[in-house]
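Student: First the structure, which I've put down as structure tokens, then a few questions once you've had a look.
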Protein chains: 2
Amino acid sequence: MAKAPTVEDVAAHAGVSRQTVSNVLNTPEIVRPATKERVLEAIDALGYRRHAAARRLRLRRSSTIGIRLDPYVGGISGVVLDRFVHAITEHASERGMRMLVYAARDTDEELARLSELWEGSEIDAAIITGTFRDDPRVGHLDAEGLPFVSFGRPWGEDDIADPRHLWVDVDGAAGTRAATQHALGAGGHVTFFGWPSGSGTGDDRERGWQEAIRDAAARGGRLIAEDSVPQARAAMEAALSAGLETDALVCASDSLAVGALLALADARRVLPVIGFDNTPTAEALGFSSVEQRPEDVATAVLELLMGPTGDVVAPRRLEAGSAHALIAPELVVR
Amino acid sequence: MAKAPTVEDVAAHAGVSRQTVSNVLNTPEIVRPATKERVLEAIDALGYRRHAAARRLRLRRSSTIGIRLDPYVGGISGVVLDRFVHAITEHASERGMRMLVYAARDTDEELARLSELWEGSEIDAAIITGTFRDDPRVGHLDAEGLPFVSFGRPWGEDDIADPRHLWVDVDGAAGTRAATQHALGAGGHVTFFGWPSGSGTGDDRERGWQEAIRDAAARGGRLIAEDSVPQARAAMEAALSAGLETDALVCASDSLAVGALLALADARRVLPVIGFDNTPTAEALGFSSVEQRPEDVATAVLELLMGPTGDVVAPRRLEAGSAHALIAPELVVR
DNA sequence: AGCAGAAATTTGAACGATCAAACTCTGCGT
DNA sequence: ACGCAGAGTTTGATCGTTCAAATTTCTGCT
């Protein structure tokens, strides 16, 4: 295999200089058409391709975005993140960006890795996921000057409207609201099956149910379990044997929904159950679920980072209102 | 934020030259201890970090491995690949390697993207997945000189033992053999629920069942469906109403297993069903399944690429016997 | 034809690291 | 005292690209 051709080789072949070749590639409008033609032919003839590493060094830009791939935890919920990674990879490709994935065991390790990648010009920007209250990553990355977008709202009250922090999230409340409204078709009592209070995401989803119940002047109760099938199943069993009377269940996750369905099957009862995340399990078992639309999240993330059509990471815009995106989820009825 | 320090800055601070700093980092054993000490202090004081892009250009090595992230297709089976990607990302990190993911719609696009990444020194090696008979990628990548390992055997007969092609795969037959042996505890008739013939993976899994039946002098039949829950359910329903008599089911995938379970539930029958892939759905529904051990596959892939302990992509070894790894899956009984 | 000014193109330098070769220093044997 | 080997350290060149400044070529006008 011959050595890959460089700009210099192309230049020699086309009878021009290095820089002219560079201009054809980067600022074609300043090159005379005839010259451009000749250079393009040479590029084609030699099969020239830009050497990305050299470009990086010179431009101090890598056209690469970093995203953490959490250790695989099993269970259902990781699937949403995986779908998001798939989607962002596709859309990034279309915009000429690459995705670098890295592993980290905790937030400190994540920050260390991001700093390393950023300072070594390996990434131009980062996407962080799973934000939590007073997330230290926000301040840290800001201080380093690394552009980033989070998939997930900052759950601290202060900065949720701060346009310096770019974020995209799914409107969980809208999802459970739609689910509850749909469930109310089965009767006037809809139970919310959620997680213990305290997580921003969980509280948000509960709020949607609450609002729908209130608006429809309907009735409903709350059932709580940790996010695992066995625990959900146990909680549901307990509720059923305590004489739970309800017309439908709206759940904060598909894990809870599966647990509830298993308990219902054991008790030989049938009840509409609506999950959240629209995982393959929901699809396989055929119960309704709220779809987070990771595709749309991916599109929105790139838009915040690179502008509506840009192909480089844009300097962060500071106008309020354009720094966030709240994606409306979609109820998939089965 | 001040400009990141370079080797030159460190050298000045320590009162030595560029190259000595480089030596401290790359070949510390040739530097006098006192000097090394001073340099390390300077590195620490300035917070120096190697500039990865410059290193790449000079060394023509990126310490990055590329892997395709297929478009998300939904369904259950993609999960195994995702788990593998998670695992390889973790192990690669530990060895100082990075993972670059890229999207491609088909094999041609995949090859185009890989060539681009390889020629631009963006990746040192690639991992390809989902190999099929007469896979054009093998020849193409070989011709380009890009080191690669495939997750999945080359299913053409010629090259399966060819040590020039590095591969790791899961021993599907061993998985279904174990599953069948376990299932035979429930009675002497075990049905295999598989895919239409022709796929290497599917035929391999069927073979394991076949062998176990033969070795135990037991009986069994075959049931066939495409890999989707609804089609599996329909096939199972048809079989049941045709009077299927069997003691257990060994399935080629969890999708088939779920379909079978749903049909069984409809028919109010209970039968041991063993799936394949050990997806979250199997865990959630509590049926046994064969676990592919993506962790072990990841370890094996890196070992083929980098040697047992190396931290760079090693030149390909050509000895027969050390170029492949067949991972034994594990039956998870529930 | 001559000239100013714009347009097109070329040359030199830089990005930050590492390799290869040249150089300096130390200790030892003669 | 001198030369020499070898360890330790420095200098010059290089990887492929792009920016900035310098140079050449073209265009329109008198």
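Every chain in the structure tokens has a letter given in the order shown (A, B, ...), and although residue numbers restart at 1 in each chain, ligands are simply numbered from 1 in the order shown.
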Please identify every residue of chain D that has at least one atom no more than 7 Å from any atom of chain A, counting only C-alpha atoms (C1' of nucleotides), and report them as a PyMOL selection string.

Tutor: chain D and resi 16-18

Student: Only residues of chain A matter here; which ones have an atom within 6 Å of chain B, counting only C-alpha atoms? Give them as a list of chain:residue names.

Tutor: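 The complete set of qualifying residues is A:His51, A:Ala52, A:Ala53, A:Ala54, A:Leu57, A:Gly75, A:Ile76, A:Thr89, A:Glu90, A:Met99, A:Leu100, A:Val101, A:Ala103, A:Gly120, A:Val229, A:Pro280, A:Thr281, A:Ala284.
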
Student: Within 9 Å of Leu166 (chain A), counting only C-alpha atoms (C1' of nucleotides), which residues qualify if same-chain residues fewer than 5 places away don't, as a list in words?

Tutor: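 Close residues of Leu166 (chain A): Phe148, Val149, Ser150, Arg153, Val301, Leu304, Leu305, Arg316, Ser322, Ala323, His324 and Ala325 of chain A.
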
Student: Would you export the selected residues with C-alpha atoms as a JSON list (two decimals), in the first residue's frame, please?

Tutor:
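Output file out-v7.json follows:
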[["chain", "number", "residue", "atom", "x", "y", "z"],
["A", 148, "PHE", "CA", -21.38, 21.00, 26.38],
["A", 149, "VAL", "CA", -25.05, 20.20, 26.31],
["A", 150, "SER", "CA", -26.81, 18.05, 28.82],
["A", 153, "ARG", "CA", -32.43, 19.40, 33.00],
["A", 301, "VAL", "CA", -28.73, 18.56, 21.14],
["A", 304, "LEU", "CA", -27.84, 23.72, 20.44],
["A", 305, "LEU", "CA", -24.23, 22.81, 19.96],
["A", 316, "ARG", "CA", -22.28, 29.39, 22.85],
["A", 322, "SER", "CA", -32.82, 29.51, 22.71],
["A", 323, "ALA", "CA", -30.62, 27.59, 25.09],
["A", 324, "HIS", "CA", -33.04, 24.85, 26.00],
["A", 325, "ALA", "CA", -35.29, 22.38, 24.31]]

Student: Provide the CA of Glu29 (chain B) to C1' of DG6 (chain D) distance in Å, to one decimal place.

Tutor: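 C1' of DG6 (chain D) lies at a distance of 15.1 Å from CA of Glu29 (chain B).
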
Student: If you run DSSP over the backbone, which residues in region 128-307 of chain B end up strand (DSSP E or B)? Put them as a PyMOL selection string.

Tutor: chain B and resi 128-129+148-151+166-170+189-194+219+222-224+248-251+273-276+288-291

Student: So the first atom is CA of Ala252 (chain B) and the second is CA of Trp155 (chain B); what is the distance between them in Å, to one decimal place?

Tutor: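 Rounded to one decimal, the two atoms are 17.7 Å apart.
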